[in-house]
Amino acid sequence: MDKGKGINNSDLKQRNRGLLLQLITTGECSTRISLARSSRLTKMSVTNIIDEFIQMKLVVEGEREKQEIQGRNPVLLDISPSAPKVIGILINREYCAAVLCDLRLNVLCTKRIEMDSGDREWFLDNLCGLIDSMLAWEPNVLGIGVASIGPLDVAMGVLLNPPRFYGIKNVPLVAELKERYGIPVFMDHQYNSAARAEKLFGCGKNFSSFIFVGITNGIGAGIYLDGRILQSQAGLGSELGHMSVDYRGVRCECGNYGCVENYASATVICRKAEAAVGRRLTFDECCELCDETIIDRIITDAVDKLGYCLVSVCNLLNPEAVILGHEGVKLPQRYLERMEDYINQHKLSSGYNHIRILKASFGEETQLAGAACNVLDQVFGGRILFDGPKTS
């Protein structure tokens, strides 16, 4: 919140609506009684808002929930099939993908295009082609969420100058898409977006503070602290992969030495495994071959160096959990347990709180789910959809 600005009555009403819709959408509440209990709103306020949701065709009433105690059974609430949908767009170096989701983040349609060349015009044309195909499937769309590689100017909605991205740079993506489609567009870093998906719908729901760590050709992080995504004033994302674990180590393309992604990224693990066995390997194959001593040593070394890096991060931020995503979800469980043991033994608060290492609920699709959640987060915050509320 900006200093000196309070919350007016209209803002509060919209936030209340967003909160109730979030509780229903994420499955935390399914009756008016449970909504009043969880939101701490009065039963009358909840009833008025739910009636409004029904008129807006956001929510429908279902069967009554059977109770063992005497009394009237409460009516179950659900998201209406007629409720508007959301589009998510994922931008990375290898491909761009689109997803059409309902408000519960159920996937209705997906499509992708490969990225191996192209210029700014080709990029925008193909991105819009993906969005057009989603709108052809369902035109009733609340907004478009974009999850992208960086660097980004999140505040201005600009894709800046991603390295190795075919010379495509300085694209005012949010403005371009808003002008073309006339609906809200929200963009954030791919790792922040992935963390948002886990917070709203995945294993991050149970934690106020956690770190999402994406392991792919690099290593990045999305960070939640006290229930809010950590976003710098400049809109730049966290660069976990460029934390040094050895100042005399491998020279990184960023110019520094010993960056952790040069030891623990999926690409580096594959390269070392290929050199060891003398043939090409995917990351899936590396994980399948992890019982072989030489492959196990390579993965163990990578996991140990990532754990070493995360000890420092955990000492700084004191999260409740670390959630591994992207290729990290393919790691056999024993490596996660090894990392969890190491972090909890070596962090300063050892013995006071136990940090869990978990796999992302959405697996390799967490980034794409996160793109859609960039819109849903705005809805649940009452910032879109609830224009001009009629009741309190």
# chains A, B, ... in the order shown; residues from 1 in each chain; ligands from 1
$ closest_atom_pairs --of "range 118-201 of chain A" --to "range 205-209 of chain A" --cutoff "10 Å" --atoms "only C-alpha atoms" --output "CSV"
residue,atom,partner,partner_atom,distance
A:Arg196,CA,A:Lys205,CA,9.7
A:Ala197,CA,A:Lys205,CA,9.3
A:Glu198,CA,A:Lys205,CA,6.8
A:Lys199,CA,A:Lys205,CA,4.7
A:Leu200,CA,A:Lys205,CA,5.9
A:Phe201,CA,A:Lys205,CA,6.5
$ select_by_dssp --residues "range 129-246 of chain A" --states "strand (DSSP E)" --output "MDAnalysis selection string"
chainID A and resid 141:148 152:153 158:159 185:189 210:215 219:225 228:229
$ residues_around --residues "Leu90 in chain A" --least-positions-apart "2" --cutoff "7 Å" --atoms "only C-alpha atoms" --output "ChimeraX atom specification"
/A:88,92,96-98,146-148,367-368,371
$ write_last_selection --atoms "N, CA and C atoms" --output "CSV table (one decimal), in the first residue's frame"
chain,number,residue,atom,x,y,z
A,88,GLY,N,-3.4,-17.9,-20.0
A,88,GLY,CA,-2.0,-17.7,-19.5
A,88,GLY,C,-1.1,-17.9,-20.7
A,92,ASN,N,9.5,-18.5,-23.0
A,92,ASN,CA,10.8,-18.8,-22.7
A,92,ASN,C,11.6,-19.0,-23.9
A,96,CYS,N,7.0,-20.9,-26.7
A,96,CYS,CA,6.0,-20.1,-26.1
A,96,CYS,C,4.7,-20.9,-26.0
A,97,ALA,N,4.0,-20.8,-24.9
A,97,ALA,CA,2.8,-21.7,-24.7
A,97,ALA,C,1.7,-20.8,-24.2
A,98,ALA,N,0.4,-21.3,-24.5
A,98,ALA,CA,-0.8,-20.7,-24.1
A,98,ALA,C,-1.7,-21.7,-23.4
A,146,VAL,N,0.8,-13.2,-18.3
A,146,VAL,CA,2.0,-13.5,-19.0
A,146,VAL,C,3.1,-13.9,-18.0
A,147,ALA,N,3.7,-15.0,-18.1
A,147,ALA,CA,4.9,-15.4,-17.3
A,147,ALA,C,6.0,-15.5,-18.3
A,148,SER,N,7.1,-14.7,-18.0
A,148,SER,CA,8.2,-14.6,-19.0
A,148,SER,C,9.6,-14.7,-18.4
A,367,GLN,N,5.1,-23.0,-14.4
A,367,GLN,CA,5.2,-21.7,-15.0
A,367,GLN,C,3.9,-21.3,-15.8
A,368,LEU,N,3.4,-22.3,-16.6
A,368,LEU,CA,2.2,-22.0,-17.4
A,368,LEU,C,1.0,-21.8,-16.5
A,371,ALA,N,1.2,-18.3,-15.1
A,371,ALA,CA,0.8,-17.3,-16.0
A,371,ALA,C,-0.7,-17.0,-15.9
$ atom_distance --atom1 "CA of Leu310 in chain A" --atom2 "CA of Val213 in chain A"
9.7 Å
$ closest_residue --among "A:Tyr224, A:Phe386, A:Tyr352, A:Tyr191" --to "Glu365 in chain A" --atoms "only C-alpha atoms"
A:Tyr191
$ residues_around --residues "range 43-47 of chain A" --least-positions-apart "4" --cutoff "9 Å" --atoms "only C-alpha atoms" --output "list of chain:residue names"
A:Asn16, A:Arg17, A:Leu20, A:Arg32, A:Ile33, A:Leu35, A:Ala36, A:Arg37, A:Ser39, A:Asp51, A:Glu52, A:Thr391, A:Ser392
$ write_last_selection --atoms "C-alpha atoms" --output "PDB file, in the first residue's frame"
ATOM      1  CA  ASN A  16     -14.175  -8.856   0.379  1.00  0.00           C
ATOM      2  CA  ARG A  17     -15.603 -10.125  -2.896  1.00  0.00           C
ATOM      3  CA  LEU A  20     -14.822 -14.953  -0.922  1.00  0.00           C
ATOM      4  CA  ARG A  32     -21.977 -19.635   3.318  1.00  0.00           C
ATOM      5  CA  ILE A  33     -21.312 -20.674   6.910  1.00  0.00           C
ATOM      6  CA  LEU A  35     -17.146 -18.544   4.178  1.00  0.00           C
ATOM      7  CA  ALA A  36     -18.282 -16.376   7.080  1.00  0.00           C
ATOM      8  CA  ARG A  37     -16.048 -18.305   9.463  1.00  0.00           C
ATOM      9  CA  SER A  39     -13.388 -14.515   6.063  1.00  0.00           C
ATOM     10  CA  ASP A  51     -26.327 -13.537  -4.093  1.00  0.00           C
ATOM     11  CA  GLU A  52     -24.443 -11.035  -6.225  1.00  0.00           C
ATOM     12  CA  THR A 391     -23.947  -4.498  -1.758  1.00  0.00           C
ATOM     13  CA  SER A 392     -21.643  -4.726   1.281  1.00  0.00           C
TER      14      SER A 392
END
